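The structure appears below as structure tokens.
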Amino acid sequence: MASKGTCAKTKASKRRRSSLPNLVPDAQRIFANLNFYFFPNNDIHAGRKARIRVSERYGATWVRDWDATAGITHIIVDHRLTYQDIPVYLKLPEGIPPEVIVVNEEYPSDCIRSQMILDAAQSHYQVPGTPNAAKATSNTGPVASTRIPSQVDVEPKTKQNNQVARRSRSPLPEHDLKGSTATHGDPSESDRVEYGKSSSHDTGCETGQADGETDETKLPQTAPAAPDKYGYELIEAIQEVAALRDIPLELDDVEESDSPPQDEPPSDSDSEDHRPAHKKSKSNHSKFSNFQCMHSHPAPANYSTATATPSSSTIIPPSHPNAQIITLLSLQCDYYTRIQDPWRSLAYRKALTTLKNQPHPITTAAQARQLRHIGDRLARKIEEIATTSRLCRFESTLTDPRDRLLQLFLGVYDVGLAQASKWVDFGCRSLADVQTCPQIALTDNQRVGIAHYDDFQARIPRDEVRQLGAIVTNALRAIDPAFEVTIGGSYRRGARDSGDVDLLITKPGASTRYIRSTVLEQLVPELTARAFLRARLAGGKDSVHAVETTKCHGACSLTPTAPWRRIDLLLVPEEEMGAALIYFTGNDIFNRSLRLLASRKGMRLNQRGLFEDAMRGRGRMKVTEGRLVEGGSERGIFERLGVPWREPTERVC
DNA sequence: AGGCGGTACTG
DNA sequence: CAGTAC
DNA sequence: GCCT
């Protein structure tokens with residue numbers, strides 16, 4: 001309560017403390033002449049302290065006292081506070097002066113990252129509760145993500161908005177995307193509420209105060225003493241890196257209520273979430289309950305994905321009780337993904353989904369050890385992060401130049417670890433090097449991948465996905481109106497943007513052969529002629545295999561000058577649509593989980609159907625096909641597997 | 001100690 | 001077959 | 001990496 005007062009009082013004592021922010025060179029001092037007022041306006045919290053110091057290094061003046069004459073240009077608001085909290089605490093009956101820009105705490109670091117003052121009006125910099133928040137389109141436009149600080153020297157690439165395109169993606173979640181596949185019985189406005197910040201009014205005042213305290217006093221974070229300055233810089237660096245890549249933090253908190261097992265007596269069982277802290281065993285009820293697909297996640301009303309490359313998939317939680325842990329482990333996970341180690345990466349991903357559904361802060365190893373998919377080693381790491389805000393192991397990988405190059409090269413379509421490693425070993429330091437290296441013979445696909453590196457790396461706004469799908473649909477129906485096209489992938493899961501466009505194409509009653517020949521021999525040529533399809537990357541190229549091809553990968557663009565987008569067509573006979581939908585809807589972890597479950601139950605699931613009596617030899621090697629149990633209906637497959645139905649939007653693991 | 005999804009396309 | 005992608 |  002009164003602790004708020006501290007900032008007002010302590011100003012005196014900390015006046016000298018800001019000493020010397022050792023400024024960056026003049027040219028980079030993008031915040032020169034700007035006056036920042038932080039809210040709360042103190043540096044007690046480690047993260048905020050880091051932000052303040054970094055802002056100062058880039059030229060900003062940290063205004064300690066609210067003063068109309070201080071020329072305050074920006075208020076940087078802590079993510080736990082709302083717009084309404086500001087005038088309450090600052091006692092501004094008139095409200096916030098209109099000339100003062102109010103942004104969330106992501107704004108400064110984004111500006112620094114892009115070396116320019118960004119448009120503060122962008123929705124992802126707005127503070128919850130901002131009046132007439134012009135929920136304008138999240139402006140995800142053609143924002144090519146430069147995943148790596150290093151330059152991507154693709155050659156021609158005459159993007160008009162080079163500047164903008166180079167800008168990294170916003171790390172903040174967006175809650176626009178109304179209407180989409182809002183299968184979730186959520187009150188439309190609940191978007192914000194679920195972020196744990198009462199969206200508005202009355203509480204505002206209280207919350208403001210309360211938060212002021214909790215903020216300082218009871219955040220799990222850092223040990224009493226502070227990490228050295230190196231620690232702060234690292235934290236900031238990590239935040240930046242984390243923002244550059246998309247951190248997999250889909251849905252943050254599970255609301256405490258809705259938990260699944262309604263058959264459980266409220267008495268003994270649950271301590272908090274789905275985890276009877278029974279014996280030592282982590283197993284829940286059934287022997288299959290350990291599969292991700294058995295756990296209905298709270299439905300991310302809408303989320304943003306980045307399933308694209310590494311393990312990532314999503315949004316930065318406005319605030320998650322274990323955000324820092326998740327962030328660091330995600331980075332470590334991505335490192336394993338690209339470095340070599342798919343199994344370790346998988347393990348991290350499973351652990352991460354557990355963490356993401358953990359509504360309470362984890363602070364000790366013992367606590368962490370209780371969670372599914374978290375063993376001793378991860379538990380120790382988690383404790384390390386919780387107490388020191390750092391992860392030793394990860395720090396070394398952060399700066400590893402080889403790793404950065406690998407990441408760059410792996411971003412090229414048709415380049416995997418083998419090629420990327422080779423290129424690095426050849427001494428290539430950039431994509432330009434790769435193109436000119438005499439020892440490297442690029443495949444056609446790789447050339448396309450390099451030429452359109454930024455395009456393919458960029459996210460595709462949901463509405464563009466829809467439009468691209470519509471173009472294909474219309475073209476196909478012009479050929480034969482009985483065809484049906486379904487947009488799958490993250491679009492179907494409700495994502496607000498996608499890495500590529502996945503289309504399932506079918507025609508009731510038609511044979512695969514007919515579907516294939518129509519698509520390959522008529523649709524594709526037509527779309528190519530129209531310059532919608534810009535490249536064929538795979539599928540039906542090789543005439544030998546073309547006779548039985550079922551998928552086609554390519555690149556398309558909305559207009560001749562629009563960015564190229566990856567597009568995948570899957571040709572599906574009606575009887576296999578259920579299985580194909582599951583396959584093409586994902587997500588990845590969810591699919592694996594379903595398939596693993598099937599195989600444990602003596603069945604086999606693939607993109608064509610669910611089979612039973614599949615004979616498996618040693619291990620689980622397939623010996624016989626088994627007979628088809630179900631293929632046409634998603635629900636049917638779920639049922640036969642004994643998995644509770646999940647809407648596509650709930651298949652985000 | 002052995003598994004970790006299961007398949008399609010390309011060179 | 002290895003490599004890549006989904 | 002974790003699980004069986």
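Following the order of the structure tokens, chains are lettered A, B, ..., residues in each are numbered from 1, and ligands are numbered from 1.
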Kindly determine which residues of chain B lie within 8 Å of chain A, considering only C-alpha atoms (C1' of nucleotides), and give the answer as a VMD selection string. chain B and resid 4 to 10
Could you please select, counting only C-alpha atoms (C1' of nucleotides), the residues of chain C within 9 Å of chain A and state them as number ranges by chain? C: 3-6
Can I get the selection written as a CSV table (one decimal), in the first residue's frame, with N, CA and C atoms (P, O5', C5', C4', C3', O3' and C1' of nucleotides)?
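As a result, again-v4.csv now contains:
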chain,number,residue,atom,x,y,z
C,3,DG,P,23.2,-37.3,-44.3
C,3,DG,O5',22.1,-36.3,-44.8
C,3,DG,C5',22.2,-35.7,-46.1
C,3,DG,C4',21.0,-34.9,-46.4
C,3,DG,C3',20.4,-34.1,-45.2
C,3,DG,O3',20.4,-32.8,-45.6
C,3,DG,C1',18.7,-35.4,-46.3
C,4,DT,P,20.0,-31.7,-44.6
C,4,DT,O5',18.4,-31.5,-45.0
C,4,DT,C5',18.0,-31.1,-46.3
C,4,DT,C4',16.5,-31.1,-46.4
C,4,DT,C3',15.8,-30.4,-45.2
C,4,DT,O3',15.3,-29.2,-45.7
C,4,DT,C1',14.7,-32.5,-45.9
C,5,DA,P,14.4,-28.3,-44.7
C,5,DA,O5',12.9,-28.9,-44.9
C,5,DA,C5',12.4,-29.0,-46.3
C,5,DA,C4',11.0,-29.6,-46.2
C,5,DA,C3',10.2,-28.9,-45.1
C,5,DA,O3',9.0,-28.4,-45.6
C,5,DA,C1',10.1,-31.3,-44.9
C,6,DC,P,8.1,-27.5,-44.7
C,6,DC,O5',6.9,-28.5,-44.3
C,6,DC,C5',6.2,-29.2,-45.3
C,6,DC,C4',5.3,-30.2,-44.7
C,6,DC,C3',4.6,-29.7,-43.4
C,6,DC,O3',3.2,-29.7,-43.7
C,6,DC,C1',5.6,-31.8,-43.0
Can you check which parts of chain A lie within 12 Å of chain D? Per residue, the shortest pair of atoms and distance in Å to one decimal, counting only C-alpha atoms (C1' of nucleotides), sorted by chain and number, as JSON lines.
{"residue": "A:Ser281", "atom": "CA", "partner": "D:DC3", "partner_atom": "C1'", "distance": 11.8}
{"residue": "A:Lys282", "atom": "CA", "partner": "D:DC3", "partner_atom": "C1'", "distance": 10.8}
{"residue": "A:Ser283", "atom": "CA", "partner": "D:DC3", "partner_atom": "C1'", "distance": 10.9}
{"residue": "A:Lys287", "atom": "CA", "partner": "D:DT4", "partner_atom": "C1'", "distance": 11.5}
{"residue": "A:Asn290", "atom": "CA", "partner": "D:DC3", "partner_atom": "C1'", "distance": 9.7}
{"residue": "A:Phe291", "atom": "CA", "partner": "D:DC3", "partner_atom": "C1'", "distance": 11.3}
{"residue": "A:Leu329", "atom": "CA", "partner": "D:DG1", "partner_atom": "C1'", "distance": 11.5}
{"residue": "A:Gln332", "atom": "CA", "partner": "D:DG1", "partner_atom": "C1'", "distance": 11.1}
{"residue": "A:Cys333", "atom": "CA", "partner": "D:DG1", "partner_atom": "C1'", "distance": 9.5}
{"residue": "A:Tyr336", "atom": "CA", "partner": "D:DG1", "partner_atom": "C1'", "distance": 9.8}
{"residue": "A:Thr337", "atom": "CA", "partner": "D:DG1", "partner_atom": "C1'", "distance": 11.7}
{"residue": "A:Asp341", "atom": "CA", "partner": "D:DG1", "partner_atom": "C1'", "distance": 9.3}
{"residue": "A:Pro342", "atom": "CA", "partner": "D:DG1", "partner_atom": "C1'", "distance": 9.4}
{"residue": "A:Trp343", "atom": "CA", "partner": "D:DG1", "partner_atom": "C1'", "distance": 6.6}
{"residue": "A:Arg344", "atom": "CA", "partner": "D:DG1", "partner_atom": "C1'", "distance": 4.0}
{"residue": "A:Ser345", "atom": "CA", "partner": "D:DG1", "partner_atom": "C1'", "distance": 6.9}
{"residue": "A:Leu346", "atom": "CA", "partner": "D:DG1", "partner_atom": "C1'", "distance": 7.4}
{"residue": "A:Ala347", "atom": "CA", "partner": "D:DG1", "partner_atom": "C1'", "distance": 4.7}
{"residue": "A:Tyr348", "atom": "CA", "partner": "D:DG1", "partner_atom": "C1'", "distance": 6.3}
{"residue": "A:Arg349", "atom": "CA", "partner": "D:DG1", "partner_atom": "C1'", "distance": 9.4}
{"residue": "A:Lys350", "atom": "CA", "partner": "D:DC2", "partner_atom": "C1'", "distance": 8.8}
{"residue": "A:Ala351", "atom": "CA", "partner": "D:DC2", "partner_atom": "C1'", "distance": 8.7}
{"residue": "A:Leu352", "atom": "CA", "partner": "D:DG1", "partner_atom": "C1'", "distance": 11.7}
{"residue": "A:Arg369", "atom": "CA", "partner": "D:DC2", "partner_atom": "C1'", "distance": 11.5}
{"residue": "A:Leu371", "atom": "CA", "partner": "D:DC2", "partner_atom": "C1'", "distance": 11.4}
{"residue": "A:Arg372", "atom": "CA", "partner": "D:DC2", "partner_atom": "C1'", "distance": 9.1}
{"residue": "A:His373", "atom": "CA", "partner": "D:DC2", "partner_atom": "C1'", "distance": 5.7}
{"residue": "A:Ile374", "atom": "CA", "partner": "D:DC2", "partner_atom": "C1'", "distance": 7.0}
{"residue": "A:Gly375", "atom": "CA", "partner": "D:DC2", "partner_atom": "C1'", "distance": 6.5}
{"residue": "A:Asp376", "atom": "CA", "partner": "D:DC2", "partner_atom": "C1'", "distance": 9.5}
{"residue": "A:Arg377", "atom": "CA", "partner": "D:DG1", "partner_atom": "C1'", "distance": 8.0}
{"residue": "A:Leu378", "atom": "CA", "partner": "D:DG1", "partner_atom": "C1'", "distance": 7.8}
{"residue": "A:Ala379", "atom": "CA", "partner": "D:DG1", "partner_atom": "C1'", "distance": 11.3}
{"residue": "A:Lys381", "atom": "CA", "partner": "D:DG1", "partner_atom": "C1'", "distance": 11.7}
{"residue": "A:Arg600", "atom": "CA", "partner": "D:DT4", "partner_atom": "C1'", "distance": 11.8}
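DSSP annotation of stretch 518-556 of chain A from backbone atoms: helix (DSSP H, G or I) residues are Thr518, Val519, Leu520, Glu521, Gln522, Leu523, Val524, Pro525, Glu526, Leu527, Thr528, Ala529, Ser543, Val544, His545 and Ala546 of chain A.
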Could you save those same residues with all heavy atoms as a compact mmCIF listing (two decimals), in the first residue's frame?
# COMPACT_ATOMS: atom_id res chain seq x y z
N THR A 518 -6.37 -33.67 -61.43
CA THR A 518 -6.97 -32.35 -61.57
C THR A 518 -6.06 -31.26 -61.02
O THR A 518 -5.83 -30.23 -61.65
CB THR A 518 -8.33 -32.29 -60.84
OG1 THR A 518 -9.16 -33.34 -61.31
CG2 THR A 518 -9.00 -30.95 -61.06
N VAL A 519 -5.57 -31.54 -59.83
CA VAL A 519 -4.72 -30.53 -59.19
C VAL A 519 -3.41 -30.35 -59.94
O VAL A 519 -3.00 -29.23 -60.26
CB VAL A 519 -4.45 -30.92 -57.73
CG1 VAL A 519 -3.38 -30.01 -57.12
CG2 VAL A 519 -5.73 -30.83 -56.91
N LEU A 520 -2.77 -31.46 -60.22
CA LEU A 520 -1.45 -31.38 -60.82
C LEU A 520 -1.49 -30.92 -62.28
O LEU A 520 -0.63 -30.16 -62.73
CB LEU A 520 -0.74 -32.74 -60.74
CG LEU A 520 0.33 -32.87 -59.64
CD1 LEU A 520 -0.07 -32.16 -58.37
CD2 LEU A 520 0.66 -34.33 -59.38
N GLU A 521 -2.49 -31.39 -62.97
CA GLU A 521 -2.49 -31.11 -64.40
C GLU A 521 -3.31 -29.89 -64.78
O GLU A 521 -3.14 -29.33 -65.86
CB GLU A 521 -3.00 -32.33 -65.16
CG GLU A 521 -2.04 -33.52 -65.06
CD GLU A 521 -2.70 -34.84 -65.43
OE1 GLU A 521 -3.70 -34.80 -66.18
OE2 GLU A 521 -2.25 -35.88 -64.94
N GLN A 522 -4.19 -29.48 -63.91
CA GLN A 522 -4.99 -28.32 -64.26
C GLN A 522 -4.80 -27.15 -63.30
O GLN A 522 -4.49 -26.04 -63.72
CB GLN A 522 -6.48 -28.69 -64.32
CG GLN A 522 -6.78 -29.69 -65.42
CD GLN A 522 -8.27 -29.93 -65.54
OE1 GLN A 522 -8.78 -30.98 -65.17
NE2 GLN A 522 -8.98 -28.93 -66.04
N LEU A 523 -5.00 -27.43 -62.03
CA LEU A 523 -4.92 -26.33 -61.06
C LEU A 523 -3.54 -25.70 -61.02
O LEU A 523 -3.39 -24.48 -61.12
CB LEU A 523 -5.30 -26.84 -59.67
CG LEU A 523 -5.21 -25.79 -58.57
CD1 LEU A 523 -6.23 -24.70 -58.79
CD2 LEU A 523 -5.40 -26.41 -57.19
N VAL A 524 -2.56 -26.54 -60.85
CA VAL A 524 -1.20 -26.00 -60.71
C VAL A 524 -0.77 -25.21 -61.96
O VAL A 524 -0.27 -24.09 -61.83
CB VAL A 524 -0.20 -27.13 -60.38
CG1 VAL A 524 1.24 -26.64 -60.54
CG2 VAL A 524 -0.44 -27.63 -58.97
N PRO A 525 -0.96 -25.73 -63.12
CA PRO A 525 -0.60 -24.94 -64.31
C PRO A 525 -1.37 -23.63 -64.38
O PRO A 525 -0.80 -22.58 -64.72
CB PRO A 525 -0.98 -25.87 -65.46
CG PRO A 525 -0.92 -27.23 -64.89
CD PRO A 525 -1.35 -27.10 -63.47
N GLU A 526 -2.62 -23.70 -64.03
CA GLU A 526 -3.42 -22.48 -64.06
C GLU A 526 -2.88 -21.42 -63.10
O GLU A 526 -2.70 -20.26 -63.45
CB GLU A 526 -4.88 -22.84 -63.69
CG GLU A 526 -5.76 -21.67 -63.34
CD GLU A 526 -6.04 -20.76 -64.54
OE1 GLU A 526 -5.84 -21.21 -65.69
OE2 GLU A 526 -6.43 -19.59 -64.31
N LEU A 527 -2.62 -21.86 -61.89
CA LEU A 527 -2.13 -20.91 -60.89
C LEU A 527 -0.74 -20.40 -61.24
O LEU A 527 -0.37 -19.27 -60.92
CB LEU A 527 -2.11 -21.57 -59.50
CG LEU A 527 -3.49 -21.87 -58.91
CD1 LEU A 527 -3.36 -22.60 -57.59
CD2 LEU A 527 -4.29 -20.58 -58.72
N THR A 528 0.01 -21.25 -61.87
CA THR A 528 1.34 -20.82 -62.30
C THR A 528 1.23 -19.77 -63.40
O THR A 528 1.91 -18.75 -63.38
CB THR A 528 2.14 -22.02 -62.82
OG1 THR A 528 2.19 -23.02 -61.80
CG2 THR A 528 3.56 -21.61 -63.19
N ALA A 529 0.35 -20.03 -64.31
CA ALA A 529 0.16 -19.09 -65.42
C ALA A 529 -0.29 -17.73 -64.91
O ALA A 529 0.07 -16.70 -65.44
CB ALA A 529 -0.87 -19.65 -66.40
N SER A 543 8.37 -37.10 -62.48
CA SER A 543 7.26 -37.79 -63.15
C SER A 543 7.15 -39.25 -62.72
O SER A 543 6.07 -39.84 -62.79
CB SER A 543 7.44 -37.69 -64.66
OG SER A 543 8.69 -38.25 -65.01
N VAL A 544 8.23 -39.80 -62.26
CA VAL A 544 8.18 -41.19 -61.82
C VAL A 544 7.29 -41.33 -60.59
O VAL A 544 6.47 -42.23 -60.48
CB VAL A 544 9.58 -41.73 -61.48
CG1 VAL A 544 9.50 -43.15 -60.97
CG2 VAL A 544 10.47 -41.64 -62.71
N HIS A 545 7.48 -40.39 -59.68
CA HIS A 545 6.70 -40.47 -58.46
C HIS A 545 5.37 -39.74 -58.58
O HIS A 545 4.47 -39.95 -57.79
CB HIS A 545 7.49 -39.86 -57.29
CG HIS A 545 8.74 -40.60 -56.99
ND1 HIS A 545 9.96 -40.22 -57.46
CD2 HIS A 545 8.95 -41.72 -56.25
CE1 HIS A 545 10.89 -41.06 -57.04
NE2 HIS A 545 10.30 -41.99 -56.29
N ALA A 546 5.29 -38.89 -59.55
CA ALA A 546 4.11 -38.04 -59.65
C ALA A 546 2.82 -38.83 -59.72
O ALA A 546 1.77 -38.35 -59.31
CB ALA A 546 4.23 -37.13 -60.87
Interatomic distance (Å, one decimal) between atom CA of A:Ser430 and atom CA of A:Val448: 16.0 Å
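Among the candidates A:Asp463, A:Glu106, A:Glu650, A:Glu576, the one nearest to A:Leu558 when counting only C-alpha atoms is A:Asp463.
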